[in-house]
file run-v7.cif (mmCIF, C-alpha atoms and all ligand atoms)
data_work
loop_
_atom_site.group_PDB
_atom_site.id
_atom_site.type_symbol
_atom_site.label_atom_id
_atom_site.label_comp_id
_atom_site.auth_asym_id
_atom_site.auth_seq_id
_atom_site.Cartn_x
_atom_site.Cartn_y
_atom_site.Cartn_z
ATOM 1 C CA MET A 65 -26.198 -2.190 -5.442
ATOM 2 C CA SER A 66 -28.047 -1.386 -2.264
ATOM 3 C CA GLY A 67 -26.729 -0.550 1.171
ATOM 4 C CA ILE A 68 -23.231 -0.017 2.439
ATOM 5 C CA ILE A 69 -20.468 -2.609 2.373
ATOM 6 C CA ARG A 70 -17.779 -2.477 5.040
ATOM 7 C CA LEU A 71 -14.589 -4.548 5.011
ATOM 8 C CA HIS A 72 -11.777 -4.654 7.534
ATOM 9 C CA PHE A 73 -8.295 -6.210 7.286
ATOM 10 C CA GLU A 74 -5.290 -6.541 9.558
ATOM 11 C CA LEU A 75 -1.994 -5.907 7.770
ATOM 12 C CA PRO A 76 0.708 -8.021 9.414
ATOM 13 C CA GLY A 77 4.036 -6.202 9.617
ATOM 14 C CA ASN A 78 7.162 -7.370 7.839
ATOM 15 C CA ASP A 79 5.300 -10.117 6.045
ATOM 16 C CA LEU A 80 5.966 -9.286 2.454
ATOM 17 C CA MET A 81 4.683 -12.661 1.322
ATOM 18 C CA SER A 82 1.124 -11.750 2.227
ATOM 19 C CA ALA A 83 1.463 -8.044 1.433
ATOM 20 C CA GLY A 84 -1.228 -7.216 -1.060
ATOM 21 C CA GLU A 85 -3.738 -9.821 0.084
ATOM 22 C CA ALA A 86 -6.097 -7.229 1.540
ATOM 23 C CA SER A 87 -6.030 -5.128 -1.627
ATOM 24 C CA SER A 88 -6.542 -8.271 -3.674
ATOM 25 C CA SER A 89 -9.705 -9.146 -1.711
ATOM 26 C CA VAL A 90 -11.090 -5.648 -2.090
ATOM 27 C CA LYS A 91 -10.364 -5.617 -5.807
ATOM 28 C CA LYS A 92 -12.192 -8.923 -6.189
ATOM 29 C CA LYS A 93 -15.165 -7.517 -4.286
ATOM 30 C CA LEU A 94 -15.339 -4.425 -6.514
ATOM 31 C CA ASN A 95 -15.258 -6.596 -9.627
ATOM 32 C CA GLN A 96 -18.045 -8.800 -8.218
ATOM 33 C CA LEU A 97 -20.136 -5.684 -7.649
ATOM 34 C CA GLY A 98 -19.712 -4.788 -11.297
ATOM 35 C CA ILE A 99 -17.995 -1.465 -10.650
ATOM 36 C CA ASN A 100 -16.517 0.070 -13.820
ATOM 37 C CA PRO A 101 -13.021 -1.324 -14.515
ATOM 38 C CA ALA A 102 -11.285 2.070 -14.661
ATOM 39 C CA ALA A 103 -12.449 2.953 -11.154
ATOM 40 C CA VAL A 104 -11.545 -0.516 -9.875
ATOM 41 C CA LYS A 105 -8.024 -0.137 -11.227
ATOM 42 C CA LYS A 106 -7.524 3.310 -9.714
ATOM 43 C CA ALA A 107 -8.687 2.068 -6.330
ATOM 44 C CA ALA A 108 -6.580 -1.100 -6.576
ATOM 45 C CA ILE A 109 -3.387 0.773 -7.387
ATOM 46 C CA ALA A 110 -3.804 3.402 -4.654
ATOM 47 C CA MET A 111 -4.829 0.836 -2.059
ATOM 48 C CA TYR A 112 -2.003 -1.601 -2.859
ATOM 49 C CA GLU A 113 0.649 1.127 -2.678
ATOM 50 C CA ALA A 114 -0.659 2.270 0.705
ATOM 51 C CA GLU A 115 -0.917 -1.299 1.971
ATOM 52 C CA ILE A 116 2.702 -2.019 1.003
ATOM 53 C CA ASN A 117 3.820 1.235 2.649
ATOM 54 C CA ALA A 118 2.119 0.353 5.938
ATOM 55 C CA ILE A 119 3.785 -3.060 5.879
ATOM 56 C CA ILE A 120 7.317 -2.063 4.894
ATOM 57 C CA HIS A 121 7.648 1.354 6.545
ATOM 58 C CA ALA A 122 5.426 1.010 9.601
ATOM 59 C CA GLY A 123 5.385 -2.635 10.699
ATOM 60 C CA GLY A 124 1.805 -3.245 9.585
ATOM 61 C CA GLY A 125 -1.546 -1.715 10.389
ATOM 62 C CA THR A 126 -5.161 -1.940 9.329
ATOM 63 C CA LEU A 127 -7.111 -1.395 6.141
ATOM 64 C CA ALA A 128 -10.771 -0.410 6.343
ATOM 65 C CA VAL A 129 -13.014 -0.096 3.326
ATOM 66 C CA THR A 130 -16.459 1.423 2.875
ATOM 67 C CA ILE A 131 -18.231 0.911 -0.431
ATOM 68 C CA THR A 132 -21.371 2.860 -1.222
ATOM 69 C CA LYS A 133 -23.320 3.372 -4.428
ATOM 70 C CA ASP A 134 -21.052 6.027 -5.855
ATOM 71 C CA ARG A 135 -17.654 5.581 -4.201
ATOM 72 C CA ILE A 136 -15.109 3.522 -2.335
ATOM 73 C CA ASN A 137 -13.419 4.948 0.726
ATOM 74 C CA ILE A 138 -10.223 3.263 1.930
ATOM 75 C CA VAL A 139 -8.492 4.057 5.222
ATOM 76 C CA ILE A 140 -5.043 2.561 5.883
ATOM 77 C CA SER A 141 -3.763 3.230 9.400
ATOM 78 C CA ASP A 142 -0.554 2.313 11.154
ATOM 79 C CA HIS A 143 1.284 3.037 14.384
ATOM 80 C CA GLY A 144 4.682 3.246 12.737
ATOM 81 C CA PRO A 145 7.312 5.988 12.853
ATOM 82 C CA GLY A 146 5.225 8.542 10.943
ATOM 83 C CA ILE A 147 6.411 10.780 8.112
ATOM 84 C CA ALA A 148 8.447 13.807 9.219
ATOM 85 C CA ASP A 149 8.280 15.773 5.960
ATOM 86 C CA LEU A 150 5.197 14.857 3.977
ATOM 87 C CA ASP A 151 5.933 17.250 1.083
ATOM 88 C CA LEU A 152 9.297 15.573 0.635
ATOM 89 C CA ALA A 153 7.803 12.079 0.876
ATOM 90 C CA MET A 154 5.255 12.970 -1.828
ATOM 91 C CA GLN A 155 8.057 13.684 -4.317
ATOM 92 C CA GLU A 156 8.843 11.061 -6.921
ATOM 93 C CA GLY A 157 12.096 9.290 -6.084
ATOM 94 C CA TYR A 158 12.177 10.039 -2.367
ATOM 95 C CA SER A 159 12.514 6.829 -0.371
ATOM 96 C CA THR A 160 13.946 5.655 2.925
ATOM 97 C CA ALA A 161 13.326 1.988 2.113
ATOM 98 C CA PRO A 162 16.104 -0.369 3.247
ATOM 99 C CA ASP A 163 18.048 -2.528 0.789
ATOM 100 C CA TYR A 164 16.071 -5.716 1.393
ATOM 101 C CA ILE A 165 12.954 -3.892 0.223
ATOM 102 C CA ARG A 166 14.769 -2.777 -2.930
ATOM 103 C CA GLU A 167 15.698 -6.394 -3.575
ATOM 104 C CA MET A 168 11.987 -7.186 -3.614
ATOM 105 C CA GLY A 169 11.423 -4.645 -6.352
ATOM 106 C CA PHE A 170 10.098 -1.824 -4.189
ATOM 107 C CA GLY A 171 11.525 1.310 -2.623
ATOM 108 C CA ALA A 172 11.851 3.578 -5.649
ATOM 109 C CA GLY A 173 9.897 6.389 -4.056
ATOM 110 C CA MET A 174 7.054 6.093 -6.550
ATOM 111 C CA GLY A 175 4.252 4.986 -4.230
ATOM 112 C CA LEU A 176 2.866 8.145 -2.650
ATOM 113 C CA PRO A 177 2.849 10.120 -5.926
ATOM 114 C CA ASN A 178 1.135 7.134 -7.537
ATOM 115 C CA ILE A 179 -1.525 7.135 -4.816
ATOM 116 C CA LYS A 180 -2.097 10.830 -5.445
ATOM 117 C CA ARG A 181 -2.432 10.272 -9.185
ATOM 118 C CA ASN A 182 -5.022 7.518 -8.790
ATOM 119 C CA ALA A 183 -7.088 8.729 -5.843
ATOM 120 C CA ASP A 184 -9.926 11.148 -6.572
ATOM 121 C CA ARG A 185 -9.518 12.384 -3.026
ATOM 122 C CA LEU A 186 -6.526 11.847 -0.770
ATOM 123 C CA GLU A 187 -5.898 12.808 2.802
ATOM 124 C CA ILE A 188 -2.739 11.841 4.675
ATOM 125 C CA LYS A 189 -2.343 12.463 8.377
ATOM 126 C CA SER A 190 0.967 11.592 9.938
ATOM 127 C CA ALA A 191 2.663 12.318 13.241
ATOM 128 C CA VAL A 192 6.245 11.370 14.031
ATOM 129 C CA GLY A 193 6.369 8.614 16.623
ATOM 130 C CA GLN A 194 2.616 8.020 16.394
ATOM 131 C CA GLY A 195 1.742 6.762 12.988
ATOM 132 C CA THR A 196 0.177 7.473 9.638
ATOM 133 C CA THR A 197 -3.362 7.398 8.275
ATOM 134 C CA VAL A 198 -3.959 7.461 4.539
ATOM 135 C CA GLU A 199 -7.521 8.016 3.357
ATOM 136 C CA ILE A 200 -8.262 7.355 -0.293
ATOM 137 C CA THR A 201 -11.556 7.945 -2.094
ATOM 138 C CA VAL A 202 -12.354 6.836 -5.623
ATOM 139 C CA PHE A 203 -15.668 7.710 -7.262
ATOM 140 C CA PHE A 204 -17.347 5.183 -9.572
ATOM 141 C CA MET B 27 0.117 -11.390 -30.194
ATOM 142 C CA ARG B 28 -1.007 -14.514 -28.367
ATOM 143 C CA ILE B 29 0.834 -15.593 -25.219
ATOM 144 C CA LYS B 30 1.459 -18.939 -26.893
ATOM 145 C CA GLU B 31 3.378 -17.193 -29.698
ATOM 146 C CA ILE B 32 5.354 -15.156 -27.189
ATOM 147 C CA ALA B 33 6.458 -18.382 -25.504
ATOM 148 C CA GLU B 34 7.583 -19.747 -28.866
ATOM 149 C CA ILE B 35 9.518 -16.620 -29.842
ATOM 150 C CA LEU B 36 11.375 -16.609 -26.532
ATOM 151 C CA GLU B 37 11.735 -20.413 -26.460
ATOM 152 C CA ALA B 38 10.262 -20.077 -23.002
ATOM 153 C CA THR B 39 9.143 -22.819 -20.671
ATOM 154 C CA ILE B 40 5.616 -22.595 -19.307
ATOM 155 C CA GLU B 41 5.977 -22.541 -15.532
ATOM 156 C CA VAL B 42 2.320 -21.755 -14.856
ATOM 157 C CA GLN B 43 -0.322 -22.086 -17.543
ATOM 158 C CA GLY B 44 -2.658 -19.430 -16.172
ATOM 159 C CA ASP B 45 -6.164 -18.791 -17.450
ATOM 160 C CA SER B 46 -5.320 -19.062 -21.143
ATOM 161 C CA LEU B 47 -2.333 -19.191 -23.485
ATOM 162 C CA ASP B 48 -4.588 -17.873 -26.234
ATOM 163 C CA LEU B 49 -4.976 -14.450 -24.633
ATOM 164 C CA GLU B 50 -3.834 -11.551 -26.803
ATOM 165 C CA VAL B 51 -1.499 -8.780 -25.670
ATOM 166 C CA GLU B 52 -0.498 -5.797 -27.776
ATOM 167 C CA ALA B 53 2.116 -4.208 -25.564
ATOM 168 C CA ALA B 54 4.793 -5.100 -23.046
ATOM 169 C CA PHE B 55 6.711 -3.532 -20.174
ATOM 170 C CA GLY B 56 10.114 -4.683 -18.941
ATOM 171 C CA SER B 57 11.307 -3.883 -15.433
ATOM 172 C CA ASP B 58 12.838 -5.389 -12.315
ATOM 173 C CA LEU B 59 11.266 -2.608 -10.290
ATOM 174 C CA MET B 60 7.689 -3.311 -9.252
ATOM 175 C CA SER B 61 7.478 0.307 -8.057
ATOM 176 C CA ASP B 62 7.786 1.351 -11.688
ATOM 177 C CA VAL B 63 5.340 -1.262 -12.935
ATOM 178 C CA MET B 64 2.811 0.192 -10.476
ATOM 179 C CA ALA B 65 3.571 3.745 -11.539
ATOM 180 C CA TYR B 66 3.855 3.415 -15.324
ATOM 181 C CA VAL B 67 1.663 0.591 -16.593
ATOM 182 C CA LYS B 68 -1.821 1.626 -17.686
ATOM 183 C CA ASP B 69 -3.317 -1.062 -19.880
ATOM 184 C CA SER B 70 -3.177 -4.820 -19.742
ATOM 185 C CA VAL B 71 0.376 -5.559 -20.907
ATOM 186 C CA LEU B 72 2.875 -8.413 -20.859
ATOM 187 C CA LEU B 73 5.414 -7.996 -18.051
ATOM 188 C CA LEU B 74 9.053 -9.027 -18.475
ATOM 189 C CA THR B 75 11.155 -9.100 -15.321
ATOM 190 C CA GLY B 76 14.256 -10.641 -13.776
ATOM 191 C CA LEU B 77 12.785 -10.446 -10.308
ATOM 192 C CA VAL B 78 11.697 -13.628 -8.558
ATOM 193 C CA SER B 79 9.276 -12.657 -5.803
ATOM 194 C CA PRO B 80 5.614 -13.247 -4.961
ATOM 195 C CA GLN B 81 5.201 -9.481 -5.177
ATOM 196 C CA VAL B 82 5.676 -9.758 -8.946
ATOM 197 C CA ILE B 83 2.440 -11.753 -9.117
ATOM 198 C CA ARG B 84 0.674 -9.414 -6.661
ATOM 199 C CA THR B 85 1.701 -6.454 -8.767
ATOM 200 C CA ALA B 86 0.549 -8.205 -11.936
ATOM 201 C CA GLU B 87 -2.809 -8.921 -10.339
ATOM 202 C CA MET B 88 -3.332 -5.296 -9.319
ATOM 203 C CA MET B 89 -2.341 -4.028 -12.767
ATOM 204 C CA ASP B 90 -4.502 -6.522 -14.710
ATOM 205 C CA ILE B 91 -1.365 -8.099 -16.185
ATOM 206 C CA LYS B 92 -2.271 -11.594 -17.366
ATOM 207 C CA ALA B 93 1.184 -12.911 -18.294
ATOM 208 C CA VAL B 94 4.696 -12.566 -16.867
ATOM 209 C CA VAL B 95 8.008 -13.610 -18.443
ATOM 210 C CA LEU B 96 10.993 -14.288 -16.196
ATOM 211 C CA VAL B 97 14.148 -13.426 -18.153
ATOM 212 C CA ARG B 98 17.821 -14.489 -17.830
ATOM 213 C CA GLY B 99 16.845 -18.082 -17.048
ATOM 214 C CA LYS B 100 15.218 -17.195 -13.730
ATOM 215 C CA LYS B 101 12.856 -19.814 -12.363
ATOM 216 C CA PRO B 102 9.911 -18.992 -10.085
ATOM 217 C CA ASP B 103 10.037 -20.217 -6.497
ATOM 218 C CA ARG B 104 7.170 -22.259 -5.024
ATOM 219 C CA CYS B 105 5.542 -19.248 -3.523
ATOM 220 C CA MET B 106 5.414 -17.452 -6.849
ATOM 221 C CA VAL B 107 4.081 -20.530 -8.651
ATOM 222 C CA GLN B 108 1.376 -21.033 -6.062
ATOM 223 C CA LEU B 109 0.227 -17.426 -6.229
ATOM 224 C CA ALA B 110 0.247 -17.370 -10.046
ATOM 225 C CA GLU B 111 -1.867 -20.534 -10.112
ATOM 226 C CA GLU B 112 -4.295 -19.005 -7.649
ATOM 227 C CA LYS B 113 -4.629 -15.800 -9.684
ATOM 228 C CA GLY B 114 -4.736 -17.443 -13.117
ATOM 229 C CA ILE B 115 -1.646 -15.588 -14.283
ATOM 230 C CA THR B 116 0.578 -17.187 -16.926
ATOM 231 C CA LEU B 117 4.227 -17.483 -15.914
ATOM 232 C CA LEU B 118 6.930 -18.122 -18.520
ATOM 233 C CA SER B 119 10.694 -18.499 -18.167
ATOM 234 C CA THR B 120 13.220 -17.742 -20.909
ATOM 235 C CA LYS B 121 17.004 -18.003 -21.067
ATOM 236 C CA ASP B 122 17.167 -14.757 -23.062
ATOM 237 C CA THR B 123 18.269 -11.584 -21.289
ATOM 238 C CA MET B 124 15.895 -8.664 -20.776
ATOM 239 C CA PHE B 125 17.400 -6.809 -23.740
ATOM 240 C CA VAL B 126 17.226 -9.741 -26.116
ATOM 241 C CA SER B 127 13.710 -10.761 -25.008
ATOM 242 C CA CYS B 128 12.379 -7.248 -25.523
ATOM 243 C CA GLY B 129 14.191 -6.941 -28.863
ATOM 244 C CA LYS B 130 12.715 -10.161 -30.181
ATOM 245 C CA LEU B 131 9.166 -9.297 -29.126
ATOM 246 C CA TYR B 132 9.405 -5.716 -30.364
ATOM 247 C CA SER B 133 10.627 -6.825 -33.781
ATOM 248 C CA MET B 134 7.727 -9.283 -33.958
ATOM 249 C CA GLY B 135 5.215 -6.485 -33.397
ATOM 250 C CA LEU B 136 4.661 -6.002 -29.679
ATOM 251 C CA THR B 137 4.652 -2.310 -28.776
ATOM 252 C CA GLY B 138 5.478 -0.151 -25.763
ATOM 253 C CA LYS B 139 1.966 1.273 -25.671
ATOM 254 C CA GLY B 140 -0.212 1.094 -22.606
ATOM 255 C CA VAL B 141 2.326 2.909 -20.481
ATOM 256 C CA ARG B 142 2.086 6.351 -18.911
ATOM 257 C CA GLU B 143 4.412 8.962 -20.412
HETATM 258 N N1 LIG C 301 3.048 4.407 6.323
HETATM 259 C C1 LIG C 301 4.242 5.021 6.383
HETATM 260 N N2 LIG C 301 4.901 5.142 7.559
HETATM 261 C C2 LIG C 301 6.109 5.751 7.626
HETATM 262 N N3 LIG C 301 6.746 6.266 6.560
HETATM 263 C C3 LIG C 301 6.143 6.185 5.362
HETATM 264 C C4 LIG C 301 4.865 5.558 5.199
HETATM 265 N N4 LIG C 301 4.514 5.633 3.886
HETATM 266 C C5 LIG C 301 5.523 6.265 3.270
HETATM 267 N N5 LIG C 301 6.507 6.603 4.140
HETATM 268 C C6 LIG C 301 7.752 7.360 3.856
HETATM 269 O O1 LIG C 301 7.610 8.040 2.622
HETATM 270 C C7 LIG C 301 8.590 7.592 1.684
HETATM 271 C C8 LIG C 301 8.019 7.625 0.281
HETATM 272 O O2 LIG C 301 6.971 6.668 0.155
HETATM 273 P P1 LIG C 301 6.657 6.070 -1.291
HETATM 274 O O3 LIG C 301 5.565 5.090 -1.157
HETATM 275 O O4 LIG C 301 6.470 7.198 -2.238
HETATM 276 O O5 LIG C 301 8.025 5.359 -1.693
HETATM 277 P P2 LIG C 301 8.628 3.970 -1.181
HETATM 278 O O6 LIG C 301 7.603 3.200 -0.450
HETATM 279 O O7 LIG C 301 9.891 4.256 -0.444
HETATM 280 O O8 LIG C 301 8.977 3.248 -2.568
HETATM 281 P P3 LIG C 301 7.912 2.616 -3.607
HETATM 282 O O9 LIG C 301 6.559 3.053 -3.183
HETATM 283 O O10 LIG C 301 8.318 3.116 -4.928
HETATM 284 O O11 LIG C 301 8.079 1.142 -3.496
HETATM 285 C C9 LIG C 301 9.016 6.230 2.183
HETATM 286 O O12 LIG C 301 10.301 5.826 1.741
HETATM 287 C C10 LIG C 301 8.964 6.436 3.699
HETATM 288 O O13 LIG C 301 10.097 7.138 4.143
HETATM 289 MG MG MG C 302 5.716 2.895 -1.302
#

call {"tool": "encode", "arguments": {"input": "run-v7.cif", "output": "structure tokens", "more": "lines below"}}
Ligand SMILES: Nc1ncnc2c1ncn2[C@@H]1O[C@H](COP(=O)(O)OP(=O)(O)OP(=O)(O)O)[C@@H](O)[C@H]1O
Ligand SMILES: [Mg+2]
result
Amino acid sequence: MSGIIRLHFELPGNDLMSAGEASSSVKKKLNQLGINPAAVKKAAIAMYEAEINAIIHAGGGTLAVTITKDRINIVISDHGPGIADLDLAMQEGYSTAPDYIREMGFGAGMGLPNIKRNADRLEIKSAVGQGTTVEITVFF
Amino acid sequence: MRIKEIAEILEATIEVQGDSLDLEVEAAFGSDLMSDVMAYVKDSVLLLTGLVSPQVIRTAEMMDIKAVVLVRGKKPDRCMVQLAEEKGITLLSTKDTMFVSCGKLYSMGLTGKGVRE
């Protein structure tokens, strides 16, 4: 693979039907590029969890991807309510998801810890009332 | 075990054929919580769930799950069918409950491997 690939997606808020479409496209791209399956899976899991979070907790946002020879960098940004206590949010089982999200099979408080487990590098910046940016890197 | 055999054991209807009914799976995971599927599944397993939602198919796609069984007689809605067709994921529906479905498949040799401890 030569050069740098950049992809950009809008994540429409409160549209759970299309939630995951961006991650699906990126996963397809990584597979086309012949990236090793273990790395593709790690990136797919982390990206999908963050995409769902931006849609259900923050009313949508954007997903920007940079793929280079040795890594994928994924930045998911939103202008939602932000996360007041990030240490608490990172704990397994902590969730503020409303009931209708639970009915869709999400909201168990497993997402952020799962992102951490799968990302080789993770940086989360969040400010209450301003929004959240999650930056995930996976090395190939 | 081939997906075709799984359908027979569960007397399941084939709602979406998917890429192939001859695919082999060794292990399965049963859950109505997609959060847990995302967090626990490692390898390519069979997913059993009572949840009818397009996010079941999305989750399957992300986790390299090639076949999904809807338990307790649940039928997929149009949205789920459409997405499964698009992604080549097999979708089965059985009248058996989660417990009975898992019991039958386990006793026929499917394992709980492929899941994070
Ligand atoms: N982008 C975000 N904006 C605002 N709050 C967020 C965001 N992402 C996560 N949170 C907060 O952190 C909590 C924990 O997130 P996490 O992804 O671990 O669990 P969840 O989304 O509630 O459930 P699950 O991921 O298991 O479906 C959320 O319930 C929410 O309060
Ligand atoms: Mg989440």

call {"tool": "resolve_selection", "arguments": {"input": "run-v7.cif", "expression": "the PyMOL selection byres (((not hetatm)) within 7 of (chain C and resi 302))", "output": "PyMOL selection string"}}
result
chain A and resi 113-114+116-117+171+173-176

call {"tool": "closest_residue", "arguments": {"input": "run-v7.cif", "among": "B:Gly44, B:Gly76, B:Pro102, B:Gly56", "to": "B:Thr116", "atoms": "all atoms listed in the file"}}
result
B:Gly44

call {"tool": "atom_distance", "arguments": {"input": "run-v7.cif", "atom1": "atom CA of B:Ile91", "atom2": "atom CA of B:Val67"}}
result
9.2 Å

call {"tool": "closest_atom_pairs", "arguments": {"input": "run-v7.cif", "of": "chain B", "to": "chain A", "cutoff": "6 Å", "atoms": "only C-alpha atoms", "output": "CSV"}}
result
residue,atom,partner,partner_atom,distance
B:Leu59,CA,A:Gly169,CA,4.4
B:Met60,CA,A:Gly169,CA,4.9
B:Ser61,CA,A:Phe170,CA,5.1
B:Ala65,CA,A:Asn178,CA,5.8
B:Met88,CA,A:Ala108,CA,6.0

call {"tool": "resolve_selection", "arguments": {"input": "run-v7.cif", "expression": "the PyMOL selection byres (((chain A and resi 120) around 9) and not hetatm)", "output": "compact mmCIF listing (two decimals) with C-alpha atoms, in the coordinates of the input"}}
result
# COMPACT_ATOMS: atom_id res chain seq x y z
CA GLY A 77 4.04 -6.20 9.62
CA ASN A 78 7.16 -7.37 7.84
CA ASP A 79 5.30 -10.12 6.04
CA LEU A 80 5.97 -9.29 2.45
CA GLU A 115 -0.92 -1.30 1.97
CA ILE A 116 2.70 -2.02 1.00
CA ASN A 117 3.82 1.24 2.65
CA ALA A 118 2.12 0.35 5.94
CA ILE A 119 3.78 -3.06 5.88
CA HIS A 121 7.65 1.35 6.54
CA ALA A 122 5.43 1.01 9.60
CA GLY A 123 5.38 -2.64 10.70
CA GLY A 124 1.80 -3.24 9.59
CA ALA A 161 13.33 1.99 2.11
CA ILE A 165 12.95 -3.89 0.22

call {"tool": "closest_residue", "arguments": {"input": "run-v7.cif", "among": "B:Ser46, B:Thr137, B:Thr123, B:Gln108", "to": "B:Lys92", "atoms": "all atoms listed in the file"}}
result
B:Ser46

call {"tool": "residues_around", "arguments": {"input": "run-v7.cif", "residues": "A:Leu150", "least_positions_apart": "5", "cutoff": "10 Å", "atoms": "only C-alpha atoms", "output": "NGL selection string"}}
result
:A and (155 or 176 or 188-191)

call {"tool": "atom_distance", "arguments": {"input": "run-v7.cif", "atom1": "atom CA of A:Thr196", "atom2": "atom CA of A:Ser141"}}
result
5.8 Å

call {"tool": "residues_near_point", "arguments": {"input": "run-v7.cif", "point": "(-12.8, 11.3, -9.1)", "cutoff": "12 Å", "atoms": "all atoms listed in the file", "output": "list in words"}}
result
Ala102, Ala103, Val104, Lys106, Ala107, Asp134, Arg135, Ile136, Asn137, Lys180, Arg181, Asn182, Ala183, Asp184, Arg185, Leu186, Ile200, Thr201, Val202, Phe203 and Phe204 of chain A
